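Take a look at the structure set out below.
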Amino acid sequence: MTHPTTFSTSPAALLHRTTPRRLRKKRLRLGSVAVVAAALVAGCAQVPTEGPVVEAQERGQVVQAQNQVFTPNGPQPGQAPTDIVDGFLVAMTATPLTTRTAAKFLSRQARSQWRPQRVITYTDNTPSRGTRHVVVRLRGADQVGPGGQWQGSVPGPQRRLVFPMVRENNEWRIDAVPDALIVPRNFYDQQFSDDSQIYFFDPTGRILVPEPVHVPQGSQLASSLVKVLARGPSTSLNGVVRTFLPPGLSLNVGVPVSKDGVALVTLKGPDPGPLTNRTTRLIVAQLAWTLRQDPSIKTFRVTIAGHALVDTTGNQSFRMPSDVATDPQTPSNRYDPAVERASSQFYALRRGRLVSGPIDRPTPVDGPFGRSAVGVGPFAVSLDGTDVAAVTSHSLVTGPVLGPQGVSTALVGGGLLRPAWDFAERLWDVQRRADGAGVVYIDHGERHLVRVPGITGEDVRRFLMSRDGSRLVAVLHGRSSDRIVVSRLRYRGNKAVGTRARSIPWLSSGTTRIRDIGWTSPTTIAVLDQLSRSQAEVRILNIDGSTPPNQAPPILVNGRVSGLVASPNQTPYAVQVGGLTDISRDSTQALPSAQIPIKHLRHLTYAG
């Protein structure tokens with residue numbers, strides 16, 4: 001029988017581990033995931049036992065961290081039960097990561113059964129108490145599941161961890177422990193990656209969908225990511241994403257990387273038989289985008305059930321996706337979840353007419369929205385830059401960016417928010433009604449109402465749709481404060497339904513209201529609030545809700561800020577009366593206001 005377990009360590013015992021967390025070089029990645037994380041799954045991933053600690057940076061860039069080594073003591077003769085428990089918990093903070101010493105505090109039976117399948121982190125704990133059953137209570141405890149997915153807070157009763165004790169060879173040992181690695185949050189911050197992703201596809205196989213995972217950093221990063229990827233999507237993602245890796249596969253040992261940057265991915269399991277050219281191409285894309293987070297990897301080879309993976313040209317060596325979107329030698333770029341072919345133009349209304357171009361000098365467009373003011377307000381431009389959808393006081397209208405065609409009505413009714421387009425040219429909007437919000441999308445001229453539990457019927461003030469069409473983010477207005485929630489979208493044919501929305505924790509230092517939100521990457525959002533008349537702040541949050549509210553460093557902007565101009569692949573800006581302020585720059589001081597003039601411009605946006 002498995003019992004709850006406690007993690008008890010005194011501040012003195014962990015003093016050597018309490019160095020402050022390293023700050024990101026890129027402000028866009030400041031969303032620190034202070035919560036647990038790992039892919040330490042039995043039969044799926046192993047706790048690494050060697051290798052340097054590294055810190056994952058934006059777009060796979062990695063910085064070598066100072067190599068830290070901590071070898072904890074094993075059990076000592078004559079120790080009391082509480083000392084054994086304390087020693088066990090301290091032993092799980094060994095670096096390089098290993099559970100070898102921690103297992104010595106367990107009985108023979110417990111040691112044979114202990115296979116950490118998840119990670120629990122905590123901010124504080126009570127002193128251990130008891131003899132036959134040692135009890136410890138965790139504070140601020142969160143957990144990550146077997147697949148490295150963020151699961152949020154540990155339920156209250158489960159924070160009380162009980163260690164049954166037994167005598168072996170006249171010494172106390174722990175007789176049962178949970179299937180988890182239990183570590184302090186500051187230890188997690190130093191040893192685990194908070195911005196890694198594995199990549200699945202949307203149900204049609206046309207675009208990659210990133211899924212945030214939390215895994216150990218360092219030499220085991222590539223192995224941990226591929227192990228989790230090979231497990232496939234969890235059942236909660238049915239209809240949201242799919243994988244093209246054949247079922248039943250697992251990683252054989254690890255992913256070795258040669259000195260010249262060649263990674264070998266060996267997947268064992270049932271032979272899937274001949275793979276189609278399309279399946280091979282999509283498997284390569286999933287692995288390439290997942291492995292690109294290890295900067296030491298330049299190319300990779302894949303073996304499935306003893307057979308080398310070969311593309312249509314006979315090639316067995318595959319390149320990483322290129323940062324150059326149009327690079328013809330990296331076909332995996334076409335599946336970029338940020339949509340590498342998306343327009344990079346800046347769009348706005350100037351005196352009611354649509355303008356586009358570079359952000360510092362947009363010019364009028366030769367289309368129905370640019371030739372004359374047609375009375376529109378907030379708008380969105382399709383990702384390929386060809387179509388516009390705009391809100392009026394009583395409707396949603398659409399038309400081309402360029403060309404002689406006119407404007408047509410897509411939806412009738414007031415209370416419509418700024419619309420959004422996804423990669424499949426679906427047009428999304430949220431309508432605020434007397435009975436609460438309604439979510440709708442238009443696909444090839446056909447309107448579809450979407451029920452999204454936790455968003456439908458609520459007071460929605462802002463919303464975002466991910467470019468891959470898998471996530472709907474909304475700001476909900478409450479009596480005393482605003483909340484941010486996210487829902488995943490399941491597709492069956494051209495029908496969509498939303499999963500129950502989950503909260504993304506958010507905390508401001510001076511207000512309870514959210515002024516705007518925007519994408520900064522496919523898995524992070526920026527949240528804007530106005531602290532006072534003279535200062536606003538922006539915080540970057542992970543889309544899986546793993547960023548602790550009190551550990552998302554604010555980006556301060558002097559002056560009043562009315563909104564954000566943000567996109568997964570463009571520089572984000574804060575919109576002020578005098579101009580735009582670049583909020584991507586690393587700065588410990590409040591950013592000055594109005595860097596780029598925007599005279600007479602309104603409803604500024606990127607494509608999407």
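Residue numbering restarts at 1 in every chain; chains get A, B, ... in the order shown in the structure tokens, and ligands count up from 1 in that same order.
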Among the residues of range 213-280 of chain A, find those DSSP assigns to helix (DSSP H, G or I) from the backbone and print them as a list in words.
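For range 213-280 of chain A, the helix (DSSP H, G or I) set is Leu221, Ala222, Ser223, Ser224, Leu225, Val226, Lys227, Val228, Leu229, Ala230, Arg231, Thr235, Ser236, Leu237, Asn277, Arg278, Thr279 and Thr280 of chain A.
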Keeping C-alpha atoms for every residue in the selection just given, could you write it to a file as a PDB file, in the first residue's frame?
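Final file, part_31.pdb:
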ATOM      1  CA  LEU A 221      17.084  17.174 -21.569  1.00  0.00           C
ATOM      2  CA  ALA A 222      16.786  15.569 -25.013  1.00  0.00           C
ATOM      3  CA  SER A 223      16.189  12.111 -23.560  1.00  0.00           C
ATOM      4  CA  SER A 224      13.519  13.364 -21.161  1.00  0.00           C
ATOM      5  CA  LEU A 225      11.691  15.252 -23.920  1.00  0.00           C
ATOM      6  CA  VAL A 226      11.652  12.311 -26.349  1.00  0.00           C
ATOM      7  CA  LYS A 227      10.517   9.907 -23.626  1.00  0.00           C
ATOM      8  CA  VAL A 228       7.536  12.104 -22.878  1.00  0.00           C
ATOM      9  CA  LEU A 229       6.815  12.665 -26.580  1.00  0.00           C
ATOM     10  CA  ALA A 230       6.801   8.902 -27.230  1.00  0.00           C
ATOM     11  CA  ARG A 231       4.072   8.427 -24.595  1.00  0.00           C
ATOM     12  CA  THR A 235      -6.616  11.193 -22.816  1.00  0.00           C
ATOM     13  CA  SER A 236      -7.548  14.749 -21.783  1.00  0.00           C
ATOM     14  CA  LEU A 237      -6.192  15.904 -25.170  1.00  0.00           C
ATOM     15  CA  ASN A 277       5.752   9.394 -46.795  1.00  0.00           C
ATOM     16  CA  ARG A 278       3.383  11.784 -45.017  1.00  0.00           C
ATOM     17  CA  THR A 279       3.617   9.928 -41.697  1.00  0.00           C
ATOM     18  CA  THR A 280       7.408   9.890 -41.939  1.00  0.00           C
TER      19      THR A 280
END
Given only C-alpha atoms, how would the per-residue table for range 193-298 of chain A near range 108-120 of chain A read, listing every residue at most 12 Å away with its closest atom pair and distance in Å to one decimal, sorted by chain and number, as CSV?
residue,atom,partner,partner_atom,distance
A:Val213,CA,A:Arg118,CA,11.9
A:His214,CA,A:Val119,CA,9.5
A:Val215,CA,A:Val119,CA,9.8
A:Pro216,CA,A:Val119,CA,10.9
A:Val228,CA,A:Gln117,CA,11.9
Resulting file, chosen residues, all heavy atoms, as a PDB file, in the first residue's frame:
ATOM      1  N   VAL A 213       6.020  21.126 -21.000  1.00  0.00           N
ATOM      2  CA  VAL A 213       6.399  20.062 -20.079  1.00  0.00           C
ATOM      3  C   VAL A 213       7.522  20.580 -19.198  1.00  0.00           C
ATOM      4  O   VAL A 213       8.228  21.524 -19.548  1.00  0.00           O
ATOM      5  CB  VAL A 213       6.844  18.781 -20.811  1.00  0.00           C
ATOM      6  CG1 VAL A 213       5.671  18.139 -21.534  1.00  0.00           C
ATOM      7  CG2 VAL A 213       7.987  19.062 -21.784  1.00  0.00           C
ATOM      8  N   HIS A 214       7.683  19.923 -18.054  1.00  0.00           N
ATOM      9  CA  HIS A 214       8.677  20.350 -17.076  1.00  0.00           C
ATOM     10  C   HIS A 214       9.601  19.169 -16.803  1.00  0.00           C
ATOM     11  O   HIS A 214       9.188  18.169 -16.217  1.00  0.00           O
ATOM     12  CB  HIS A 214       7.985  20.828 -15.805  1.00  0.00           C
ATOM     13  CG  HIS A 214       6.953  21.870 -16.074  1.00  0.00           C
ATOM     14  ND1 HIS A 214       7.245  23.207 -16.149  1.00  0.00           N
ATOM     15  CD2 HIS A 214       5.623  21.771 -16.331  1.00  0.00           C
ATOM     16  CE1 HIS A 214       6.143  23.887 -16.421  1.00  0.00           C
ATOM     17  NE2 HIS A 214       5.147  23.038 -16.544  1.00  0.00           N
ATOM     18  N   VAL A 215      10.830  19.275 -17.262  1.00  0.00           N
ATOM     19  CA  VAL A 215      11.773  18.164 -17.219  1.00  0.00           C
ATOM     20  C   VAL A 215      13.123  18.636 -16.719  1.00  0.00           C
ATOM     21  O   VAL A 215      13.413  19.846 -16.724  1.00  0.00           O
ATOM     22  CB  VAL A 215      11.922  17.526 -18.620  1.00  0.00           C
ATOM     23  CG1 VAL A 215      10.619  16.883 -19.074  1.00  0.00           C
ATOM     24  CG2 VAL A 215      12.381  18.562 -19.636  1.00  0.00           C
ATOM     25  N   PRO A 216      13.979  17.694 -16.280  1.00  0.00           N
ATOM     26  CA  PRO A 216      15.302  18.096 -15.802  1.00  0.00           C
ATOM     27  C   PRO A 216      16.118  18.757 -16.906  1.00  0.00           C
ATOM     28  O   PRO A 216      16.055  18.364 -18.071  1.00  0.00           O
ATOM     29  CB  PRO A 216      15.941  16.770 -15.374  1.00  0.00           C
ATOM     30  CG  PRO A 216      14.783  15.867 -15.093  1.00  0.00           C
ATOM     31  CD  PRO A 216      13.733  16.256 -16.080  1.00  0.00           C
ATOM     32  N   VAL A 228       8.894  11.603 -23.090  1.00  0.00           N
ATOM     33  CA  VAL A 228       7.536  12.104 -22.878  1.00  0.00           C
ATOM     34  C   VAL A 228       6.779  12.160 -24.203  1.00  0.00           C
ATOM     35  O   VAL A 228       5.593  11.823 -24.276  1.00  0.00           O
ATOM     36  CB  VAL A 228       7.579  13.488 -22.203  1.00  0.00           C
ATOM     37  CG1 VAL A 228       6.179  14.065 -22.078  1.00  0.00           C
ATOM     38  CG2 VAL A 228       8.219  13.384 -20.824  1.00  0.00           C
TER      39      VAL A 228
END
If we count only C-alpha atoms, what is near Thr303 in chain A at a cut-off of 8 Å, once residues fewer than 2 positions away on the same chain are taken out, given as a list in words?
Leu264, Val265, Thr266, Leu267, Arg301, Ala305, Gly306, His307, Ala308 and Leu309 of chain A
Those same residues - N, CA and C atoms - I'd like them written as a short mmCIF file (atom, residue, chain, number, x, y, z; two decimals), in the first residue's frame.
data_model
loop_
_atom_site.label_atom_id
_atom_site.label_comp_id
_atom_site.auth_asym_id
_atom_site.auth_seq_id
_atom_site.Cartn_x
_atom_site.Cartn_y
_atom_site.Cartn_z
N LEU A 264 21.05 10.43 -31.80
CA LEU A 264 20.50 9.14 -32.21
C LEU A 264 19.26 8.85 -31.38
N VAL A 265 18.10 8.78 -32.04
CA VAL A 265 16.84 8.49 -31.37
C VAL A 265 16.46 7.05 -31.70
N THR A 266 16.54 6.18 -30.72
CA THR A 266 16.22 4.76 -30.91
C THR A 266 14.95 4.43 -30.15
N LEU A 267 13.89 4.14 -30.90
CA LEU A 267 12.59 3.84 -30.30
C LEU A 267 12.33 2.35 -30.42
N ARG A 301 19.12 11.20 -36.23
CA ARG A 301 18.71 9.99 -36.92
C ARG A 301 17.71 9.25 -36.05
N ALA A 305 11.77 0.40 -33.96
CA ALA A 305 11.68 -1.08 -33.93
C ALA A 305 12.74 -1.71 -34.82
N GLY A 306 13.93 -1.16 -34.78
CA GLY A 306 15.06 -1.72 -35.52
C GLY A 306 15.19 -1.26 -36.95
N HIS A 307 14.28 -0.42 -37.43
CA HIS A 307 14.34 0.06 -38.81
C HIS A 307 14.66 1.56 -38.84
N ALA A 308 15.61 1.94 -39.66
CA ALA A 308 15.97 3.35 -39.78
C ALA A 308 14.84 4.11 -40.48
N LEU A 309 14.56 5.30 -40.01
CA LEU A 309 13.57 6.16 -40.64
C LEU A 309 14.21 6.86 -41.83
#
Rank nothing, just name the residue among A:His133, A:Arg139, A:Arg502, A:Arg418 nearest to Val381 in chain A, using only C-alpha atoms.
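Using only C-alpha atoms, Val381 in chain A sits closest to A:Arg418.
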Using only C-alpha atoms, which residues sit within 10 Å of Phe70 in chain A once same-chain residues fewer than 2 positions away are excluded, as a PDB file with C-alpha atoms, in the first residue's frame?
ATOM      1  CA  HIS A  16      23.272  25.672   0.482  1.00  0.00           C
ATOM      2  CA  ARG A  17      20.384  25.407  -1.994  1.00  0.00           C
ATOM      3  CA  GLN A  68      26.865  22.306  -8.729  1.00  0.00           C
ATOM      4  CA  PRO A  72      23.828  14.142   0.746  1.00  0.00           C
ATOM      5  CA  ASN A  73      24.623  11.825   3.645  1.00  0.00           C
ATOM      6  CA  ALA A  91      18.641  13.315  -0.137  1.00  0.00           C
ATOM      7  CA  THR A  93      17.960  17.352  -3.502  1.00  0.00           C
ATOM      8  CA  ALA A  94      21.159  15.609  -4.622  1.00  0.00           C
ATOM      9  CA  THR A  95      22.927  17.152  -7.595  1.00  0.00           C
ATOM     10  CA  PRO A  96      23.432  15.807 -10.161  1.00  0.00           C
ATOM     11  CA  LEU A  97      19.854  14.514  -9.814  1.00  0.00           C
TER      12      LEU A  97
END
Would you please work out which residue, of A:Ser521, A:Asn238, A:Gln316, A:Gln576, is nearest to Gly498 in chain A when using only C-alpha atoms?
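Smallest separation from Gly498 in chain A among the options: A:Asn238.
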One number please: CA of Pro203 in chain A to CA of Ala437 in chain A, in Å, one decimal.
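Answer for the CA of Pro203 in chain A to CA of Ala437 in chain A separation: 26.7 Å.
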Tell me, as a list in words, which residues lie within 7 Å of Gln191 in chain A, counting only C-alpha atoms; anything in the same chain fewer than 3 positions away does not count.
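Selected residues are Val53, Phe187, Tyr188, Pro216 and Gln217 of chain A.
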Of the candidates A:Ile84, A:Ser567, A:His448, A:Ala176, which shows the shortest atom-to-atom distance to Ser343 in chain A, using only C-alpha atoms?
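Nearest to Ser343 in chain A: A:Ser567.
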Against range 468-475 of chain A, which residues of range 491-550 of chain A fall within 10 Å? For each one I want the closest pair of atoms and the distance in Å (one decimal), counting only C-alpha atoms, rows by chain and increasing residue number, as JSON lines.
{"residue": "A:Tyr491", "atom": "CA", "partner": "A:Ser470", "partner_atom": "CA", "distance": 9.0}
{"residue": "A:Ala496", "atom": "CA", "partner": "A:Ser470", "partner_atom": "CA", "distance": 9.9}
{"residue": "A:Gly498", "atom": "CA", "partner": "A:Leu472", "partner_atom": "CA", "distance": 8.3}
{"residue": "A:Thr499", "atom": "CA", "partner": "A:Arg471", "partner_atom": "CA", "distance": 9.7}
{"residue": "A:Ala501", "atom": "CA", "partner": "A:Val473", "partner_atom": "CA", "distance": 8.5}
{"residue": "A:Arg502", "atom": "CA", "partner": "A:Val473", "partner_atom": "CA", "distance": 9.5}
{"residue": "A:Ser503", "atom": "CA", "partner": "A:Val473", "partner_atom": "CA", "distance": 9.6}
{"residue": "A:Ile504", "atom": "CA", "partner": "A:Val473", "partner_atom": "CA", "distance": 9.2}
{"residue": "A:Arg513", "atom": "CA", "partner": "A:Val475", "partner_atom": "CA", "distance": 9.6}
{"residue": "A:Ile514", "atom": "CA", "partner": "A:Val475", "partner_atom": "CA", "distance": 7.5}
{"residue": "A:Arg515", "atom": "CA", "partner": "A:Val475", "partner_atom": "CA", "distance": 9.3}
{"residue": "A:Asp516", "atom": "CA", "partner": "A:Val475", "partner_atom": "CA", "distance": 8.4}
{"residue": "A:Ile517", "atom": "CA", "partner": "A:Val475", "partner_atom": "CA", "distance": 8.1}
{"residue": "A:Gly518", "atom": "CA", "partner": "A:Val473", "partner_atom": "CA", "distance": 9.6}
{"residue": "A:Trp519", "atom": "CA", "partner": "A:Val473", "partner_atom": "CA", "distance": 9.9}
{"residue": "A:Pro522", "atom": "CA", "partner": "A:Asp468", "partner_atom": "CA", "distance": 8.5}
{"residue": "A:Thr523", "atom": "CA", "partner": "A:Arg471", "partner_atom": "CA", "distance": 9.7}
{"residue": "A:Ile525", "atom": "CA", "partner": "A:Val473", "partner_atom": "CA", "distance": 9.3}
{"residue": "A:Val527", "atom": "CA", "partner": "A:Val475", "partner_atom": "CA", "distance": 9.8}
{"residue": "A:Ile543", "atom": "CA", "partner": "A:Val473", "partner_atom": "CA", "distance": 8.7}
Which parts of range 36-262 of chain A does DSSP call strand (DSSP E or B) when run on the backbone here, written out as a VMD selection string?
chain A and resid 54 to 56 62 to 64 70 95 106 118 to 122 124 to 125 129 133 to 139 142 to 144 150 to 153 160 to 168 171 to 174 180 to 184 192 196 to 201 208 to 213 216 238 241 to 242 250 to 251 257 262
Just give me the gap between CA of Arg185 in chain A and CA of Gln151 in chain A in Å, one decimal is fine.
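The value is 15.2 Å.
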Between CA of Thr82 in chain A and CA of Arg132 in chain A, what distance in Å does the model show, to one decimal?
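Computed distance, CA of Thr82 in chain A to CA of Arg132 in chain A, equals 9.8 Å.
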Could you check the closest approach to Gly375 in chain A for each of A:Gly352, A:Gly357, A:Pro568, A:Pro210 and tell me which residue wins, using only C-alpha atoms?
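Under the stated criterion, the closest residue is A:Gly352.
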For Gly232 in chain A, list every protein, DNA or RNA residue within 8 Å, evaluated using only C-alpha atoms, and leave out those in the same chain fewer than 5 positions away; present the list as a PDB file with N, CA, C and O atoms, in the first residue's frame.
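Below is the file that was written, result.pdb:
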ATOM      1  N   ARG A 242      -3.017  15.283 -31.926  1.00  0.00           N
ATOM      2  CA  ARG A 242      -2.718  13.896 -32.281  1.00  0.00           C
ATOM      3  C   ARG A 242      -1.225  13.756 -32.497  1.00  0.00           C
ATOM      4  O   ARG A 242      -0.516  14.742 -32.739  1.00  0.00           O
ATOM      5  N   THR A 243      -0.748  12.521 -32.402  1.00  0.00           N
ATOM      6  CA  THR A 243       0.656  12.250 -32.676  1.00  0.00           C
ATOM      7  C   THR A 243       0.748  11.286 -33.844  1.00  0.00           C
ATOM      8  O   THR A 243      -0.151  10.475 -34.073  1.00  0.00           O
ATOM      9  N   LEU A 245       3.706   9.501 -34.160  1.00  0.00           N
ATOM     10  CA  LEU A 245       4.585   8.426 -33.738  1.00  0.00           C
ATOM     11  C   LEU A 245       3.734   7.184 -33.490  1.00  0.00           C
ATOM     12  O   LEU A 245       2.696   7.268 -32.834  1.00  0.00           O
ATOM     13  N   PRO A 247       1.987   3.922 -31.974  1.00  0.00           N
ATOM     14  CA  PRO A 247       1.717   3.618 -30.567  1.00  0.00           C
ATOM     15  C   PRO A 247       2.606   2.498 -30.042  1.00  0.00           C
ATOM     16  O   PRO A 247       3.103   1.658 -30.806  1.00  0.00           O
TER      17      PRO A 247
END
Counting only C-alpha atoms, the option among A:Thr386, A:Asn494, A:Gln530, A:Thr392 closest to Tyr441 in chain A:
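Nearest to Tyr441 in chain A: A:Asn494.
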Near Val355 in chain A, within 12 Å and counting only C-alpha atoms, which residues show up once chain neighbours fewer than 3 positions away are dropped, as a ChimeraX atom specification?
/A:345-352,358-373,379,381,388,401-402,598,600-606
